[in-house]
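What follows is a short report on a single structure.
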Amino acid sequence: MKGNQFLVNGKPVLFKGVNRHESHPETHHVVTEEQMLTDIRIMKELNINAVRLSHYPNDPRWYELCDQYGFYVIDEANIESHGMYYDPERTLGNDPEWEHAHMLRIKRMVERDKNFPSIVAWSMGNEAGNGYNFYKAYNWIKAFDPTRPVQYERSTTEWNTDIIVPQYPHPNTMKYYAEKGLERPYIMSEYAHAMGNSMGNFKEYWEVIEEYDGLQGGYIWDWVDQGVYKEVDGKKIFSYGGDWGPEETPSDNNFLVNGVIMPDRTWNPHAYEVRKVHQEIGFEFDTADRSIEITNKYFFRDLANFKYEIDLLKNGEIVNSSNVAPISLAAQNITEIPLGFEVPTDTTAEFRLHIKAKLASEENLMEAGTLLAEDEFAITEPVSTAPTLNSTTFNVEETEEILKISKRRFSVKFDKKTGRFFDYEYKRDILIEKGPELSLFRPLVDNDFGAGLNRSLDYLKAPGLKIKNFTHENLKGGGYIVEVYYSLLNGDAEFIQTFELYDNAKIKVTNNFKALGGDHKILLKVGNSMQLPTELEDFSWYGRGPWESYADRKFSAMVGVYKGLVKNQYHPYIRPQESGNKTDVRWATVSQGKKKGIKIDYIDKLLNVSALPYSLEQLYPSAQKSQEHSRLLEEDDVVHLDVDFKQMGVAGINSWGSLALEKYRIPFQDYEYSYIISPLE
């Protein structure tokens, strides 16, 4: 310890850590060496360098493996009396009658594990109050082992912790303490609660950490979704609290399902964000010098075992590449590597650079070629490739209830009583069965439930659209326009949806949401939902990918052209919830092969797009958080396509009250955006 920094071998290292329970879906709390090695490999792949053993000493073999493969370990005593809470008059931590129990567990841990070099600090326990027993324990540990610091979260800023180790602070709170002046290191013992579709604003945590000395990282809660295998209706699911015993059996439901990875060690989408934010190689691009600056952010190792791949992308497709062989770069040093090709100056297309750092040879259980760092740089701005809208004349058929607009191989219908668009047909194929319709709601993620949005925003699921006017006429320059005026939210908002029809079945959709009044703080999204035939099973997009991304969790998703099956766009979070969104989308297609389907093009505002085999009702059956499992979902009889302007971030501070950071929320205000629908030729 030196001032407000925790030094390891004289260096103020950053702890890119995770909390780890001993857990496996088959062997439960008994973890084999093979399973341990799998965890170590994945941690290395995610640039995790530290582990807090929550909340008990682990199998001795784990420490040996951490010694061998290189992790900073926080060894924690098996003490937690959370249920007694923290009042000095009530907590067991301040009751002398419990001194022996506290001292016994702490002494046994320290005496058993003192010779493992991977252990860099002792933790006296977790959420067990503070007072007499922990004062005694702290003094005993410091006398027995003066070489290691002692930490304890419930000491907060009292004298009996060498490190300030808070749980779930807001990034602004960290910044406040850093600017106030820290006398001890500040390392979060728990943060970024990774429950379900979560870990938004992870980048913001590390922007603050890297800005201030004394802020030295933290331990994500937690490593793995704690689910165990169970067979239900012939299907193997990951069970959680409430899945065992009679219905009235007490449980925390899915509150232990908060891992970076799934029980079977499949990566959750937020695992990629962890890898990106944690990466130990930094990149900067210098357009003038046509070179890339590389920073070695490691504290002790050089970069001699990394090779680099550089791609130039034009409108999302690779058009040039170069490879750079390994170079020796000492820890905490900077160098430049050549780009290997000319930087384009053409502004009629979007050009981007994508650089990857991969292992040149096998290392620490990781295969050669393992990706450990990457980044991207915009050379030119996005350029809309939306099709030209050519005017034409249409056949118009109208009854009291239906408006049908057609020409040759194309037709579309509108329900005049509801304003709804349906049966978009091209070459005798129905390509859109229903929609686009206004959508202000999403299936709630676990953090939304924790913040009470199932109570405060459930009404957005059915906002009470009432049609006020329905008009249609020829456009002056050719083409046809349909405008639908709605009132919603009991008159607190107005929605105007415009459909401009052009030649070759192209439709420009404009959505104009107007906030008029009322007590509405935020929306969950501003967008459109559609239903497409299930045979349109292929999904392609030009935007961030290949995994899902959200406004506050897209740092790891590089811009490019990606494709996959609709059924694979949903990540099977153990409990069903929002999934599959793609941010910064320029265009997207949903098709059967290459010729049958639709294309969505942005015009001037990049889009959020998702294509899923499940409905909102399947992923959010009610405002009550019911016992549901993704592995039991049955694919719907339509494809659900959402084309949104905005969706609120998934949040990532805690799962019991925190919303997404303010900049990632959607205030109740006016919004307008447009896009073009066209058939694939």
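For the structure tokens, the naming scheme is as follows: chains receive sequential letters (A, B, ...) according to their order of presentation, residues are indexed from 1 within each chain, and ligands are indexed from 1 in presentation order.
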Write out as a tab-separated table a residue-level contact list of segment 138-246 of chain A versus segment 438-457 of chain A with cut-off 9 Å: for each qualifying residue the closest pair of atoms and the distance in Å to one decimal, counting only C-alpha atoms, rows sorted by chain and residue number upward.
```
residue	atom	partner	partner_atom	distance
A:Met195	CA	A:Asp446	CA	6.4
A:Gly196	CA	A:Asp446	CA	5.8
A:Asn197	CA	A:Val445	CA	5.9
A:Ser198	CA	A:Asn447	CA	7.0
```
| query | Can you tell me, as a list in words, what residues are no more than 12 Å from Ser615 of chain A when counting only C-alpha atoms, ignoring any on the same chain fewer than 5 positions away? | reply |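 These residues fall inside the cut-off: Arg442, Pro443, Ser529, Met530, Gln531, Leu532, Tyr570, Pro576, Gln577, Glu578, Ser579, Ser610, Tyr620, Pro621, Leu633, Glu634, Glu635, Asp636, Asp637, Val638, Val639, His640, Leu641 and Asp642 of chain A.
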What does the file look like for those residues with C-alpha atoms, as a short mmCIF file (atom, residue, chain, number, x, y, z; two decimals), in the first residue's frame?
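result_11.cif was written with the following content:
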```cif
data_model
loop_
_atom_site.label_atom_id
_atom_site.label_comp_id
_atom_site.auth_asym_id
_atom_site.auth_seq_id
_atom_site.Cartn_x
_atom_site.Cartn_y
_atom_site.Cartn_z
CA ARG A 442 -40.30 -3.69 -24.63
CA PRO A 443 -40.29 -7.02 -22.76
CA SER A 529 -43.46 -3.43 -34.64
CA MET A 530 -44.41 -5.66 -37.57
CA GLN A 531 -45.35 -9.28 -38.14
CA LEU A 532 -43.88 -11.21 -41.07
CA TYR A 570 -32.77 -14.33 -29.38
CA PRO A 576 -37.31 -14.70 -20.88
CA GLN A 577 -36.86 -10.96 -21.45
CA GLU A 578 -35.89 -8.38 -24.06
CA SER A 579 -33.17 -9.68 -26.39
CA SER A 610 -34.59 -6.80 -34.11
CA TYR A 620 -43.40 -10.49 -21.00
CA PRO A 621 -46.55 -12.46 -20.14
CA LEU A 633 -40.57 -21.01 -25.31
CA GLU A 634 -42.32 -22.17 -28.48
CA GLU A 635 -41.61 -20.22 -31.67
CA ASP A 636 -44.53 -18.03 -32.72
CA ASP A 637 -46.32 -18.43 -36.06
CA VAL A 638 -44.95 -15.09 -37.30
CA VAL A 639 -41.62 -13.27 -37.30
CA HIS A 640 -41.65 -10.23 -35.02
CA LEU A 641 -39.72 -7.38 -36.64
CA ASP A 642 -39.10 -4.19 -34.68
#
```
| field | Test item: residues at most 6 Å from Met188 of chain A, only C-alpha atoms, excluding those fewer than 5 positions along its chain, as a list in words | value | Val165, Pro166, Gln167 and Gly218 of chain A
| Using only C-alpha atoms, which of A:Pro185, A:Ile327, A:Glu500, A:Val30 sits nearest Gly478 of chain A? | A:Glu500
| message | Residues near segment 419-429 of chain A, anyone? I mean within 7 Å using only C-alpha atoms, not counting same-chain ones fewer than 5 positions away, as a list in words. | response | Arg409, Phe410, Ser411, Val412, Lys413, Phe414, Lys434, Gly435, Pro436, Ile467, Phe470 and Val484 of chain A
Write the residues you've just listed into a file as a PDB file, in the first residue's frame, and include C-alpha atoms for each of them.
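To be explicit, this is the file written out as again_39.pdb:
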```
ATOM      1  CA  ARG A 409     -47.185  -7.061 -58.725  1.00  0.00           C
ATOM      2  CA  PHE A 410     -47.718  -5.038 -55.537  1.00  0.00           C
ATOM      3  CA  SER A 411     -50.533  -4.265 -53.116  1.00  0.00           C
ATOM      4  CA  VAL A 412     -51.029  -3.146 -49.543  1.00  0.00           C
ATOM      5  CA  LYS A 413     -54.132  -2.702 -47.387  1.00  0.00           C
ATOM      6  CA  PHE A 414     -55.150  -0.375 -44.570  1.00  0.00           C
ATOM      7  CA  LYS A 434     -49.273  -6.724 -39.999  1.00  0.00           C
ATOM      8  CA  GLY A 435     -47.697  -3.401 -39.104  1.00  0.00           C
ATOM      9  CA  PRO A 436     -45.737  -1.159 -38.778  1.00  0.00           C
ATOM     10  CA  ILE A 467     -57.699   6.961 -34.397  1.00  0.00           C
ATOM     11  CA  PHE A 470     -57.417   8.836 -41.692  1.00  0.00           C
ATOM     12  CA  VAL A 484     -53.137   8.313 -39.869  1.00  0.00           C
TER      13      VAL A 484
END
```
| query | Which value, in Å to one decimal, gives the distance between atom CA of Asn4 of chain A and atom CA of Leu182 of chain A? | reply |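 Value for the atom CA of Asn4 of chain A-atom CA of Leu182 of chain A distance: 6.0 Å.
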| request: Based on DSSP run over this structure's backbone, return all residues of segment 432-585 of chain A in strand (DSSP E or B), as a VMD selection string. | output: chain A and resid 432 to 439 466 to 474 480 to 488 493 to 502 506 to 515 522 to 523 525 to 533 538 to 545 550 553 558 to 565 582 to 585
| Atom-to-atom span, atom CA of Ala143 of chain A and atom CA of Glu111 of chain A, Å |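 Result for atom CA of Ala143 of chain A versus atom CA of Glu111 of chain A: 12.5 Å, one decimal.
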| message | Considering only C-alpha atoms, can you say which of A:Pro667, A:Pro246, A:Gly479, A:Gly200 comes closest to Phe555 of chain A? | response |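 Result for the nearest residue to Phe555 of chain A: A:Gly200.
Between Glu76 of chain A and the residues A:Gly517, A:Gly649, A:Gly242, A:Pro57, the shortest atom-to-atom distance, using only C-alpha atoms, involves A:Pro57.
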| note | Pairwise distance, atom CA of Lys605 of chain A with atom CA of Thr393 of chain A, equals 28.7 Å
What parts of segment 79-326 of chain A does DSSP call helix (DSSP H, G or I)? I'd like the answer as a compact mmCIF listing (two decimals) with N, CA and C atoms, in the first residue's frame.
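Listed below is the output, result21.txt:
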```txt
# COMPACT_ATOMS: atom_id res chain seq x y z
N HIS A 82 -26.24 -11.33 6.85
CA HIS A 82 -27.03 -10.31 6.17
C HIS A 82 -28.41 -10.14 6.81
N GLY A 83 -29.00 -11.27 7.18
CA GLY A 83 -30.36 -11.22 7.72
C GLY A 83 -30.49 -10.45 9.02
N MET A 84 -29.39 -10.26 9.75
CA MET A 84 -29.42 -9.48 10.99
C MET A 84 -29.16 -8.00 10.72
N LEU A 92 -24.48 -9.19 14.41
CA LEU A 92 -23.61 -10.15 15.08
C LEU A 92 -22.16 -9.69 15.06
N GLY A 93 -21.81 -8.85 14.11
CA GLY A 93 -20.44 -8.36 14.02
C GLY A 93 -20.03 -7.50 15.20
N ASN A 94 -20.99 -7.02 15.96
CA ASN A 94 -20.68 -6.16 17.12
C ASN A 94 -21.11 -6.81 18.43
N PRO A 96 -20.13 -9.39 21.25
CA PRO A 96 -19.00 -10.18 21.76
C PRO A 96 -19.31 -11.66 21.94
N GLU A 97 -20.58 -12.02 22.11
CA GLU A 97 -20.91 -13.44 22.24
C GLU A 97 -20.58 -14.22 20.97
N TRP A 98 -20.46 -13.50 19.85
CA TRP A 98 -20.15 -14.13 18.57
C TRP A 98 -18.68 -13.95 18.17
N GLU A 99 -17.86 -13.48 19.10
CA GLU A 99 -16.44 -13.27 18.77
C GLU A 99 -15.77 -14.55 18.34
N HIS A 100 -15.97 -15.62 19.09
CA HIS A 100 -15.28 -16.88 18.79
C HIS A 100 -15.64 -17.38 17.39
N ALA A 101 -16.92 -17.31 17.04
CA ALA A 101 -17.35 -17.79 15.72
C ALA A 101 -16.70 -16.99 14.60
N HIS A 102 -16.63 -15.68 14.78
CA HIS A 102 -15.99 -14.84 13.76
C HIS A 102 -14.49 -15.14 13.68
N MET A 103 -13.84 -15.15 14.82
CA MET A 103 -12.38 -15.34 14.83
C MET A 103 -12.00 -16.71 14.30
N LEU A 104 -12.78 -17.73 14.63
CA LEU A 104 -12.46 -19.08 14.19
C LEU A 104 -12.46 -19.19 12.68
N ARG A 105 -13.47 -18.65 12.04
CA ARG A 105 -13.56 -18.75 10.58
C ARG A 105 -12.47 -17.93 9.89
N ILE A 106 -12.17 -16.78 10.42
CA ILE A 106 -11.14 -15.94 9.80
C ILE A 106 -9.76 -16.54 10.00
N LYS A 107 -9.48 -17.03 11.21
CA LYS A 107 -8.16 -17.62 11.47
C LYS A 107 -7.94 -18.86 10.61
N ARG A 108 -8.95 -19.71 10.51
CA ARG A 108 -8.79 -20.94 9.72
C ARG A 108 -8.47 -20.60 8.27
N MET A 109 -9.14 -19.58 7.72
CA MET A 109 -8.87 -19.20 6.33
C MET A 109 -7.43 -18.72 6.17
N VAL A 110 -7.02 -17.80 7.00
CA VAL A 110 -5.69 -17.20 6.85
C VAL A 110 -4.61 -18.24 7.08
N GLU A 111 -4.78 -19.06 8.11
CA GLU A 111 -3.74 -20.06 8.39
C GLU A 111 -3.68 -21.13 7.32
N ARG A 112 -4.82 -21.51 6.75
CA ARG A 112 -4.81 -22.53 5.69
C ARG A 112 -4.20 -22.00 4.40
N ASP A 113 -4.51 -20.74 4.04
CA ASP A 113 -4.21 -20.25 2.69
C ASP A 113 -3.02 -19.29 2.62
N TYR A 132 -17.15 -4.78 17.09
CA TYR A 132 -16.16 -5.39 17.97
C TYR A 132 -15.48 -6.60 17.34
N ASN A 133 -16.24 -7.55 16.83
CA ASN A 133 -15.65 -8.80 16.32
C ASN A 133 -14.76 -8.57 15.11
N PHE A 134 -15.13 -7.63 14.26
CA PHE A 134 -14.31 -7.34 13.08
C PHE A 134 -13.12 -6.45 13.43
N TYR A 135 -13.23 -5.66 14.47
CA TYR A 135 -12.05 -4.91 14.95
C TYR A 135 -11.00 -5.90 15.45
N LYS A 136 -11.45 -6.88 16.23
CA LYS A 136 -10.53 -7.91 16.76
C LYS A 136 -9.91 -8.71 15.60
N ALA A 137 -10.75 -9.08 14.65
CA ALA A 137 -10.25 -9.89 13.53
C ALA A 137 -9.23 -9.13 12.71
N TYR A 138 -9.52 -7.86 12.43
CA TYR A 138 -8.58 -7.04 11.64
C TYR A 138 -7.22 -6.99 12.34
N ASN A 139 -7.22 -6.72 13.62
CA ASN A 139 -5.95 -6.62 14.35
C ASN A 139 -5.21 -7.95 14.35
N TRP A 140 -5.95 -9.05 14.47
CA TRP A 140 -5.27 -10.35 14.46
C TRP A 140 -4.63 -10.62 13.09
N ILE A 141 -5.38 -10.37 11.99
CA ILE A 141 -4.82 -10.63 10.66
C ILE A 141 -3.58 -9.78 10.43
N LYS A 142 -3.63 -8.49 10.80
CA LYS A 142 -2.48 -7.60 10.55
C LYS A 142 -1.26 -8.04 11.34
N ALA A 143 -1.47 -8.61 12.53
CA ALA A 143 -0.34 -9.11 13.31
C ALA A 143 0.19 -10.42 12.74
N PHE A 144 -0.71 -11.28 12.29
CA PHE A 144 -0.31 -12.59 11.77
C PHE A 144 0.35 -12.47 10.40
N GLU A 153 -16.15 -4.86 3.30
CA GLU A 153 -17.08 -3.88 2.73
C GLU A 153 -17.87 -3.15 3.80
N ARG A 154 -18.34 -3.84 4.86
CA ARG A 154 -19.17 -3.19 5.85
C ARG A 154 -18.37 -2.29 6.79
N SER A 155 -17.06 -2.30 6.66
CA SER A 155 -16.26 -1.30 7.39
C SER A 155 -16.44 0.07 6.75
N PRO A 171 -21.23 5.39 -11.13
CA PRO A 171 -19.97 5.99 -11.60
C PRO A 171 -19.76 7.41 -11.11
N ASN A 172 -20.84 8.18 -10.97
CA ASN A 172 -20.71 9.55 -10.46
C ASN A 172 -20.27 9.58 -9.01
N THR A 173 -20.69 8.57 -8.24
CA THR A 173 -20.25 8.46 -6.84
C THR A 173 -18.75 8.22 -6.77
N MET A 174 -18.26 7.35 -7.62
CA MET A 174 -16.82 7.08 -7.68
C MET A 174 -16.05 8.35 -8.01
N LYS A 175 -16.56 9.08 -8.99
CA LYS A 175 -15.90 10.32 -9.40
C LYS A 175 -15.89 11.32 -8.26
N TYR A 176 -17.00 11.39 -7.51
CA TYR A 176 -17.09 12.31 -6.37
C TYR A 176 -16.01 11.99 -5.34
N TYR A 177 -15.87 10.73 -4.97
CA TYR A 177 -14.87 10.35 -3.97
C TYR A 177 -13.45 10.59 -4.48
N ALA A 178 -13.23 10.31 -5.75
CA ALA A 178 -11.89 10.52 -6.30
C ALA A 178 -11.51 12.00 -6.28
N GLU A 179 -12.45 12.87 -6.63
CA GLU A 179 -12.15 14.30 -6.66
C GLU A 179 -12.09 14.89 -5.25
N LYS A 180 -12.79 14.27 -4.33
CA LYS A 180 -12.74 14.70 -2.94
C LYS A 180 -11.38 14.42 -2.32
N PHE A 202 -21.14 -0.30 -18.55
CA PHE A 202 -19.89 -0.87 -18.05
C PHE A 202 -18.70 -0.01 -18.51
N LYS A 203 -18.79 0.49 -19.71
CA LYS A 203 -17.74 1.37 -20.24
C LYS A 203 -17.58 2.61 -19.37
N GLU A 204 -18.70 3.16 -18.91
CA GLU A 204 -18.63 4.39 -18.09
C GLU A 204 -17.91 4.15 -16.78
N TYR A 205 -18.06 2.97 -16.19
CA TYR A 205 -17.31 2.66 -14.98
C TYR A 205 -15.81 2.80 -15.23
N TRP A 206 -15.37 2.20 -16.33
CA TRP A 206 -13.93 2.15 -16.57
C TRP A 206 -13.37 3.46 -17.10
N GLU A 207 -14.18 4.29 -17.68
CA GLU A 207 -13.73 5.63 -18.04
C GLU A 207 -13.37 6.42 -16.78
N VAL A 208 -14.17 6.26 -15.73
CA VAL A 208 -13.88 6.94 -14.47
C VAL A 208 -12.66 6.31 -13.79
N ILE A 209 -12.60 4.98 -13.76
CA ILE A 209 -11.49 4.29 -13.11
C ILE A 209 -10.16 4.71 -13.72
N GLU A 210 -10.10 4.77 -15.03
CA GLU A 210 -8.84 5.07 -15.70
C GLU A 210 -8.48 6.55 -15.62
N GLU A 211 -9.43 7.39 -15.19
CA GLU A 211 -9.16 8.82 -15.09
C GLU A 211 -8.49 9.21 -13.78
N PRO A 269 -24.35 -12.28 -23.82
CA PRO A 269 -23.90 -11.19 -24.69
C PRO A 269 -23.06 -10.13 -23.98
N HIS A 270 -23.35 -9.88 -22.69
CA HIS A 270 -22.56 -8.87 -21.99
C HIS A 270 -21.14 -9.33 -21.71
N ALA A 271 -20.84 -10.62 -21.88
CA ALA A 271 -19.47 -11.08 -21.72
C ALA A 271 -18.54 -10.41 -22.74
N TYR A 272 -19.05 -10.16 -23.94
CA TYR A 272 -18.24 -9.50 -24.97
C TYR A 272 -17.91 -8.06 -24.56
N GLU A 273 -18.85 -7.43 -23.86
CA GLU A 273 -18.59 -6.08 -23.37
C GLU A 273 -17.50 -6.09 -22.32
N VAL A 274 -17.50 -7.13 -21.47
CA VAL A 274 -16.45 -7.28 -20.47
C VAL A 274 -15.09 -7.42 -21.16
N ARG A 275 -15.01 -8.29 -22.15
CA ARG A 275 -13.74 -8.47 -22.87
C ARG A 275 -13.25 -7.16 -23.47
N LYS A 276 -14.16 -6.42 -24.10
CA LYS A 276 -13.76 -5.18 -24.77
C LYS A 276 -13.31 -4.12 -23.78
N VAL A 277 -14.10 -3.90 -22.74
CA VAL A 277 -13.77 -2.84 -21.78
C VAL A 277 -12.51 -3.20 -20.99
N HIS A 278 -12.31 -4.48 -20.71
CA HIS A 278 -11.15 -4.94 -19.95
C HIS A 278 -9.88 -5.02 -20.79
```
| Quick one: of A:Tyr671, A:Pro263, A:Ala50, A:Tyr298, who's nearest to Tyr229 of chain A, counting only C-alpha atoms? |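 Among the listed residues, A:Pro263 lies closest to Tyr229 of chain A.
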| Residues at most 12 Å from Pro25 of chain A, counting only C-alpha atoms, excluding those fewer than 6 positions away in the same chain, as an MDAnalysis selection string? | chainID A and resid 31 35 224:230 236:240 257 262:265
| said: Would you pick out the contacts of segment 117-131 of chain A at 6 Å or less, using only C-alpha atoms, so that residues sharing its chain but fewer than 6 positions from it are not included, and give the list as a list in words? | reply: Asp67, Tyr72, Val73, Ile74, Asp75, Glu76, Ala77, Ile79, Glu80, Ser81, His82, Tyr86, Thr91, Gly93, Asn94, Arg148, Pro149, Val150, Gln151, Tyr152, Arg154 and Ser155 of chain A
| request: Within 9 Å of Met366 of chain A, counting only C-alpha atoms, which residues show up once you throw out same-chain ones fewer than 4 positions away? Write them as a PyMOL selection string, please. | output: chain A and resi 41-42+44-45+359+361-362+370
| query | Between A:Trp587, A:Tyr673, A:Gln569, A:Lys356, which has the minimum distance to Gln497 of chain A (counting only C-alpha atoms)? | reply | A:Tyr673
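Counting only C-alpha atoms, the residue from A:Ala551, A:Leu516, A:Leu389, A:Leu612 that sits nearest to Ile676 of chain A is A:Leu389.
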